[in-house]
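Asker: Structure file structure_15.pdb (PDB, C-alpha atoms) right here:
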```
ATOM      1  CA  MET R   1       0.000   0.000   0.000  1.00  0.00           C
ATOM      2  CA  THR R   2       1.424   3.378  -0.965  1.00  0.00           C
ATOM      3  CA  SER R   3       0.792   6.693   0.702  1.00  0.00           C
ATOM      4  CA  MET R   4      -1.064   9.441  -1.086  1.00  0.00           C
ATOM      5  CA  ALA R   5       2.076  11.631  -1.057  1.00  0.00           C
ATOM      6  CA  SER R   6       4.247   9.071  -2.810  1.00  0.00           C
ATOM      7  CA  HIS R   7       1.397   8.224  -5.194  1.00  0.00           C
ATOM      8  CA  GLY R   8       0.971  11.907  -6.061  1.00  0.00           C
ATOM      9  CA  ALA R   9       4.704  12.389  -6.501  1.00  0.00           C
ATOM     10  CA  ARG R  10       4.847   9.576  -9.060  1.00  0.00           C
ATOM     11  CA  ARG R  11       1.949  11.072 -10.999  1.00  0.00           C
ATOM     12  CA  ARG R  12       3.376  14.607 -11.301  1.00  0.00           C
ATOM     13  CA  PRO R  13       1.966  16.317 -14.384  1.00  0.00           C
ATOM     14  CA  SER R  14       4.561  16.919 -17.079  1.00  0.00           C
ATOM     15  CA  HIS R  15       4.059  20.718 -17.030  1.00  0.00           C
ATOM     16  CA  GLU R  16       5.327  21.018 -13.404  1.00  0.00           C
ATOM     17  CA  SER R  17       8.950  21.841 -12.767  1.00  0.00           C
ATOM     18  CA  PRO R  18      11.213  18.975 -11.788  1.00  0.00           C
ATOM     19  CA  MET R  19      11.873  18.319  -8.109  1.00  0.00           C
ATOM     20  CA  VAL R  20      14.603  20.517  -6.684  1.00  0.00           C
ATOM     21  CA  PRO R  21      16.933  18.657  -4.348  1.00  0.00           C
ATOM     22  CA  PHE R  22      17.138  19.836  -0.739  1.00  0.00           C
ATOM     23  CA  ARG R  23      19.549  22.665  -0.176  1.00  0.00           C
ATOM     24  CA  ARG R  24      20.629  24.403   2.973  1.00  0.00           C
ATOM     25  CA  LEU R  25      18.778  27.583   3.832  1.00  0.00           C
ATOM     26  CA  GLY R  26      20.629  30.604   5.098  1.00  0.00           C
ATOM     27  CA  LEU R  27      20.166  34.227   6.018  1.00  0.00           C
ATOM     28  CA  SER R  28      20.794  37.121   3.699  1.00  0.00           C
ATOM     29  CA  ALA R  29      23.379  39.716   4.700  1.00  0.00           C
ATOM     30  CA  VAL R  30      20.570  41.923   6.059  1.00  0.00           C
ATOM     31  CA  GLY R  31      19.112  38.953   7.936  1.00  0.00           C
ATOM     32  CA  ARG R  32      22.509  38.112   9.479  1.00  0.00           C
ATOM     33  CA  THR R  33      22.965  41.736  10.565  1.00  0.00           C
ATOM     34  CA  HIS R  34      19.541  41.717  12.201  1.00  0.00           C
ATOM     35  CA  ALA R  35      20.204  38.355  13.903  1.00  0.00           C
ATOM     36  CA  VAL R  36      23.548  39.573  15.273  1.00  0.00           C
ATOM     37  CA  GLY R  37      21.865  42.740  16.555  1.00  0.00           C
ATOM     38  CA  MET R  38      19.166  40.731  18.324  1.00  0.00           C
ATOM     39  CA  ALA R  39      21.777  38.383  19.854  1.00  0.00           C
ATOM     40  CA  HIS R  40      23.682  41.412  21.164  1.00  0.00           C
ATOM     41  CA  ARG R  41      20.475  42.960  22.489  1.00  0.00           C
ATOM     42  CA  ARG R  42      19.503  39.766  24.346  1.00  0.00           C
ATOM     43  CA  LYS R  43      22.978  39.261  25.833  1.00  0.00           C
ATOM     44  CA  LEU R  44      23.046  42.881  27.051  1.00  0.00           C
ATOM     45  CA  LEU R  45      19.676  42.412  28.719  1.00  0.00           C
ATOM     46  CA  GLU R  46      20.735  39.107  30.317  1.00  0.00           C
ATOM     47  CA  THR R  47      23.973  40.607  31.624  1.00  0.00           C
ATOM     48  CA  PHE R  48      22.189  43.690  32.962  1.00  0.00           C
ATOM     49  CA  LEU R  49      19.535  41.588  34.706  1.00  0.00           C
ATOM     50  CA  ILE R  50      22.175  39.378  36.345  1.00  0.00           C
ATOM     51  CA  GLN R  51      24.799  41.967  37.252  1.00  0.00           C
ATOM     52  CA  THR R  52      22.593  44.934  38.099  1.00  0.00           C
ATOM     53  CA  LEU R  53      19.279  43.487  39.235  1.00  0.00           C
ATOM     54  CA  GLY R  54      20.508  40.195  40.747  1.00  0.00           C
ATOM     55  CA  TYR R  55      18.533  37.806  38.516  1.00  0.00           C
ATOM     56  CA  SER R  56      19.584  34.167  38.351  1.00  0.00           C
ATOM     57  CA  GLY R  57      20.955  33.003  34.995  1.00  0.00           C
ATOM     58  CA  GLU R  58      17.820  31.116  33.932  1.00  0.00           C
ATOM     59  CA  ASP R  59      15.459  33.853  35.113  1.00  0.00           C
ATOM     60  CA  ALA R  60      17.537  36.457  33.254  1.00  0.00           C
ATOM     61  CA  ARG R  61      17.433  34.365  30.070  1.00  0.00           C
ATOM     62  CA  LEU R  62      13.650  34.024  30.234  1.00  0.00           C
ATOM     63  CA  GLU R  63      13.133  37.709  31.085  1.00  0.00           C
ATOM     64  CA  ALA R  64      15.490  38.809  28.289  1.00  0.00           C
ATOM     65  CA  GLU R  65      13.484  36.744  25.795  1.00  0.00           C
ATOM     66  CA  ASN R  66      10.383  38.692  26.842  1.00  0.00           C
ATOM     67  CA  LEU R  67      12.102  42.078  26.805  1.00  0.00           C
ATOM     68  CA  GLU R  68      14.314  41.946  23.720  1.00  0.00           C
ATOM     69  CA  HIS R  69      11.576  43.030  21.293  1.00  0.00           C
ATOM     70  CA  ALA R  70       9.812  45.393  23.701  1.00  0.00           C
ATOM     71  CA  VAL R  71      12.703  47.525  24.959  1.00  0.00           C
ATOM     72  CA  SER R  72      13.545  50.675  23.012  1.00  0.00           C
ATOM     73  CA  ASP R  73      16.867  51.213  21.263  1.00  0.00           C
ATOM     74  CA  THR R  74      17.487  54.126  23.645  1.00  0.00           C
ATOM     75  CA  MET R  75      17.177  51.852  26.669  1.00  0.00           C
ATOM     76  CA  ILE R  76      19.473  49.265  25.065  1.00  0.00           C
ATOM     77  CA  LYS R  77      22.041  52.016  24.429  1.00  0.00           C
ATOM     78  CA  ARG R  78      21.863  53.122  28.070  1.00  0.00           C
ATOM     79  CA  ILE R  79      22.209  49.544  29.316  1.00  0.00           C
ATOM     80  CA  ASP R  80      25.161  49.069  26.957  1.00  0.00           C
ATOM     81  CA  ASP R  81      26.791  52.259  28.295  1.00  0.00           C
ATOM     82  CA  HIS R  82      26.129  51.129  31.877  1.00  0.00           C
ATOM     83  CA  LEU R  83      27.829  47.769  31.190  1.00  0.00           C
ATOM     84  CA  GLY R  84      30.821  49.356  29.471  1.00  0.00           C
ATOM     85  CA  ASN R  85      29.830  48.979  25.802  1.00  0.00           C
ATOM     86  CA  LEU R  86      30.311  45.231  25.564  1.00  0.00           C
ATOM     87  CA  THR R  87      30.791  43.681  22.138  1.00  0.00           C
ATOM     88  CA  LEU R  88      29.521  40.262  21.134  1.00  0.00           C
ATOM     89  CA  GLU R  89      33.112  39.085  21.495  1.00  0.00           C
ATOM     90  CA  ALA R  90      32.765  39.822  25.218  1.00  0.00           C
ATOM     91  CA  PHE R  91      29.906  37.315  25.243  1.00  0.00           C
ATOM     92  CA  GLY R  92      32.055  34.604  23.654  1.00  0.00           C
ATOM     93  CA  PHE R  93      30.991  35.070  20.008  1.00  0.00           C
ATOM     94  CA  ARG R  94      33.620  35.073  17.247  1.00  0.00           C
ATOM     95  CA  SER R  95      33.539  35.995  13.572  1.00  0.00           C
ATOM     96  CA  ALA R  96      34.099  33.174  11.114  1.00  0.00           C
ATOM     97  CA  GLY R  97      33.906  34.720   7.661  1.00  0.00           C
ATOM     98  CA  ASP R  98      30.468  36.280   7.392  1.00  0.00           C
ATOM     99  CA  GLN R  99      29.068  34.102  10.180  1.00  0.00           C
ATOM    100  CA  LEU R 100      29.043  34.764  13.907  1.00  0.00           C
ATOM    101  CA  VAL R 101      29.754  31.617  15.884  1.00  0.00           C
ATOM    102  CA  ARG R 102      29.957  30.891  19.550  1.00  0.00           C
ATOM    103  CA  PRO R 103      32.607  28.392  20.613  1.00  0.00           C
ATOM    104  CA  VAL R 104      31.371  25.539  22.756  1.00  0.00           C
ATOM    105  CA  PRO R 105      31.966  26.347  26.443  1.00  0.00           C
ATOM    106  CA  THR R 106      33.546  23.889  28.838  1.00  0.00           C
ATOM    107  CA  GLN R 107      33.179  23.543  32.576  1.00  0.00           C
ATOM    108  CA  LEU R 108      35.949  25.354  34.406  1.00  0.00           C
ATOM    109  CA  THR R 109      36.757  22.034  36.085  1.00  0.00           C
ATOM    110  CA  HIS R 110      37.897  20.677  32.703  1.00  0.00           C
ATOM    111  CA  ALA R 111      39.526  23.824  31.286  1.00  0.00           C
ATOM    112  CA  GLU R 112      43.185  23.513  30.411  1.00  0.00           C
ATOM    113  CA  SER R 113      45.743  25.800  31.968  1.00  0.00           C
ATOM    114  CA  GLY R 114      47.394  28.478  29.863  1.00  0.00           C
ATOM    115  CA  PRO R 115      44.955  30.270  27.554  1.00  0.00           C
ATOM    116  CA  GLU R 116      42.721  33.153  28.551  1.00  0.00           C
ATOM    117  CA  PHE R 117      39.096  32.239  29.225  1.00  0.00           C
ATOM    118  CA  SER R 118      35.853  34.181  29.571  1.00  0.00           C
ATOM    119  CA  ILE R 119      32.970  33.049  31.783  1.00  0.00           C
ATOM    120  CA  THR R 120      30.050  32.348  29.467  1.00  0.00           C
ATOM    121  CA  HIS R 121      27.600  30.609  31.799  1.00  0.00           C
ATOM    122  CA  ILE R 122      27.107  30.350  35.548  1.00  0.00           C
ATOM    123  CA  SER R 123      24.844  27.628  36.897  1.00  0.00           C
ATOM    124  CA  ASP R 124      22.161  28.976  39.173  1.00  0.00           C
ATOM    125  CA  ALA R 125      21.491  25.610  40.833  1.00  0.00           C
ATOM    126  CA  HIS R 126      23.084  26.808  44.091  1.00  0.00           C
ATOM    127  CA  PRO R 127      22.092  30.378  45.086  1.00  0.00           C
ATOM    128  CA  ALA R 128      24.828  30.539  47.732  1.00  0.00           C
ATOM    129  CA  LEU R 129      27.445  29.929  45.024  1.00  0.00           C
ATOM    130  CA  LEU R 130      25.979  32.713  42.892  1.00  0.00           C
ATOM    131  CA  SER R 131      26.335  35.144  45.790  1.00  0.00           C
ATOM    132  CA  TYR R 132      29.892  33.964  46.400  1.00  0.00           C
ATOM    133  CA  PHE R 133      30.820  34.317  42.722  1.00  0.00           C
ATOM    134  CA  THR R 134      29.402  37.847  42.578  1.00  0.00           C
ATOM    135  CA  ARG R 135      31.233  38.815  45.780  1.00  0.00           C
ATOM    136  CA  ILE R 136      34.631  37.703  44.410  1.00  0.00           C
ATOM    137  CA  GLY R 137      34.065  39.068  40.891  1.00  0.00           C
ATOM    138  CA  LEU R 138      33.234  35.885  38.966  1.00  0.00           C
ATOM    139  CA  VAL R 139      30.362  37.111  36.820  1.00  0.00           C
ATOM    140  CA  ALA R 140      29.439  36.667  33.152  1.00  0.00           C
ATOM    141  CA  ASP R 141      32.212  37.807  30.820  1.00  0.00           C
ATOM    142  CA  THR R 142      34.916  37.818  33.512  1.00  0.00           C
ATOM    143  CA  ARG R 143      38.297  37.096  31.929  1.00  0.00           C
ATOM    144  CA  LEU R 144      40.553  34.661  33.747  1.00  0.00           C
ATOM    145  CA  LEU R 145      43.525  32.336  33.526  1.00  0.00           C
ATOM    146  CA  VAL R 146      43.489  28.749  34.774  1.00  0.00           C
ATOM    147  CA  LYS R 147      46.587  27.726  36.696  1.00  0.00           C
ATOM    148  CA  PRO R 148      48.109  24.250  36.241  1.00  0.00           C
ATOM    149  CA  HIS R 149      45.990  21.606  37.958  1.00  0.00           C
ATOM    150  CA  ARG R 150      47.390  19.897  41.022  1.00  0.00           C
ATOM    151  CA  SER R 151      47.489  16.129  40.809  1.00  0.00           C
ATOM    152  CA  ASN R 152      45.176  14.334  43.263  1.00  0.00           C
ATOM    153  CA  SER R 153      43.204  17.481  44.020  1.00  0.00           C
ATOM    154  CA  ASP R 154      39.738  18.731  43.112  1.00  0.00           C
ATOM    155  CA  ILE R 155      40.858  22.341  43.584  1.00  0.00           C
ATOM    156  CA  VAL R 156      40.966  24.549  40.482  1.00  0.00           C
ATOM    157  CA  THR R 157      43.121  27.636  40.824  1.00  0.00           C
ATOM    158  CA  ILE R 158      42.413  30.671  38.662  1.00  0.00           C
ATOM    159  CA  ARG R 159      43.599  34.246  38.341  1.00  0.00           C
ATOM    160  CA  ILE R 160      41.010  36.863  37.409  1.00  0.00           C
ATOM    161  CA  LEU R 161      42.622  39.246  34.938  1.00  0.00           C
ATOM    162  CA  GLY R 162      43.498  42.532  36.587  1.00  0.00           C
ATOM    163  CA  GLN R 163      43.790  40.960  40.041  1.00  0.00           C
ATOM    164  CA  THR R 164      46.961  39.915  41.847  1.00  0.00           C
ATOM    165  CA  GLU R 165      45.615  37.088  44.021  1.00  0.00           C
ATOM    166  CA  ASP R 166      44.781  33.576  42.889  1.00  0.00           C
ATOM    167  CA  VAL R 167      41.313  32.175  43.592  1.00  0.00           C
ATOM    168  CA  HIS R 168      41.008  28.535  44.658  1.00  0.00           C
ATOM    169  CA  LEU R 169      37.719  26.835  43.807  1.00  0.00           C
ATOM    170  CA  GLY R 170      36.423  23.466  44.936  1.00  0.00           C
ATOM    171  CA  ALA R 171      34.723  21.025  42.585  1.00  0.00           C
ATOM    172  CA  ALA R 172      31.179  22.321  43.225  1.00  0.00           C
ATOM    173  CA  ALA R 173      32.246  25.885  42.373  1.00  0.00           C
ATOM    174  CA  SER R 174      34.371  25.013  39.324  1.00  0.00           C
ATOM    175  CA  ASP R 175      31.604  22.714  38.010  1.00  0.00           C
ATOM    176  CA  ALA R 176      29.140  25.645  38.174  1.00  0.00           C
ATOM    177  CA  LEU R 177      31.234  27.873  35.891  1.00  0.00           C
ATOM    178  CA  TRP R 178      31.359  27.415  32.110  1.00  0.00           C
ATOM    179  CA  VAL R 179      34.121  29.154  30.192  1.00  0.00           C
ATOM    180  CA  THR R 180      35.149  29.741  26.604  1.00  0.00           C
ATOM    181  CA  ASN R 181      38.739  29.943  25.424  1.00  0.00           C
ATOM    182  CA  ILE R 182      38.963  33.453  23.967  1.00  0.00           C
ATOM    183  CA  ASP R 183      42.340  32.823  22.363  1.00  0.00           C
ATOM    184  CA  THR R 184      40.706  30.606  19.697  1.00  0.00           C
ATOM    185  CA  THR R 185      38.624  31.911  16.831  1.00  0.00           C
TER
END
```
Would you encode the structure as structure tokens?

Answerer:
Amino acid sequence: MTSMASHGARRRPSHESPMVPFRRLGLSAVGRTHAVGMAHRRKLLETFLIQTLGYSGEDARLEAENLEHAVSDTMIKRIDDHLGNLTLEAFGFRSAGDQLVRPVPTQLTHAESGPEFSITHISDAHPALLSYFTRIGLVADTRLLVKPHRSNSDIVTIRILGQTEDVHLGAAASDALWVTNIDTT
């Protein structure tokens, strides 16, 4: 027994154009520009909600989805100025030709020592950790270096760029931070 769709496909009238094979869809240059602008707008809102208003990561993401189309360009500009005029690169995005890509983040626990990293995600599963991270300056977009891992230890040692003291994090804290290597494009 054949389906109606396959039956109809076999009986295509001769005046119809031949079947066009599947091809990948993409955005036009204008569409890409608009998409990049909306991504920047959403990330600014998320960062503002977390850093300024104390939202959790998930709550900020959901709120930013609601706000991104409703907030005026003037308000976005003021938020951007308040946050220091962050670029999409500050949010972990990189240019690859005419595309904007975001490298896959890794948990800080598994980050290699050496390259510079940026915090791209902070788990909000433990509110006490969020407060601790904010207090010591580990917020979205913080730049840091990972020190060589000690054998037989769950401690991850980092240095926040611009600071002189190392920060030692246990497994629960380093598992809650996701970072992107900003030295790669």

Asker: Name all residues at most 9 Å from stretch 158-161 of chain R (count only C-alpha atoms; drop same-chain ones fewer than 6 positions away) and give them as a ChimeraX atom specification.

Answerer: /R:113,116,137-138,142-148,167-169

Asker: One decimal, in Å: what's the spacing between atom CA of R:Glu46 and atom CA of R:Gly162?

Answerer: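 According to the coordinates, atom CA of R:Glu46 and atom CA of R:Gly162 are separated by 23.9 Å.
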
Asker: Evaluate the PyMOL selection byres ((chain R and resi 177) around 6) here and jot the selected residues down as an MDAnalysis selection string.

Answerer: chainID R and resid 107:108 122 174:176 178

Asker: The PyMOL selection byres ((chain R and resi 40-44) around 6) on the file shown: which residues, as an mmCIF file with C-alpha atoms, keeping the file's coordinate frame?

Answerer:
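Full text of expr_10.cif as output:
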```cif
data_model
loop_
_atom_site.group_PDB
_atom_site.id
_atom_site.type_symbol
_atom_site.label_atom_id
_atom_site.label_comp_id
_atom_site.auth_asym_id
_atom_site.auth_seq_id
_atom_site.Cartn_x
_atom_site.Cartn_y
_atom_site.Cartn_z
ATOM 1 C CA GLY R 37 21.865 42.740 16.555
ATOM 2 C CA MET R 38 19.166 40.731 18.324
ATOM 3 C CA ALA R 39 21.777 38.383 19.854
ATOM 4 C CA LEU R 45 19.676 42.412 28.719
ATOM 5 C CA GLU R 46 20.735 39.107 30.317
ATOM 6 C CA THR R 47 23.973 40.607 31.624
ATOM 7 C CA ALA R 64 15.490 38.809 28.289
ATOM 8 C CA GLU R 68 14.314 41.946 23.720
ATOM 9 C CA LEU R 88 29.521 40.262 21.134
#
```

Asker: List every protein, DNA or RNA residue that has at least one atom no more than 12 Å from (18.0, 33.4, 34.3) in the file's coordinates, counting all atoms listed in the file, and write the result as an NGL selection string.

Answerer: :R and (42-43 or 45-51 or 53-66 or 121-125 or 127 or 130 or 140)

Asker: Record the distance separating atom CA of R:Thr120 and atom CA of R:Phe133, expressed in Å with one decimal.

Answerer: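 That distance, rounded to one decimal, is 13.4 Å.
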
Asker: Could you please determine the separation between atom CA of R:Asn85 and atom CA of R:Thr106 in Å, to one decimal place?

Answerer: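 Atom-to-atom, atom CA of R:Asn85 and atom CA of R:Thr106 are spaced 25.5 Å apart.
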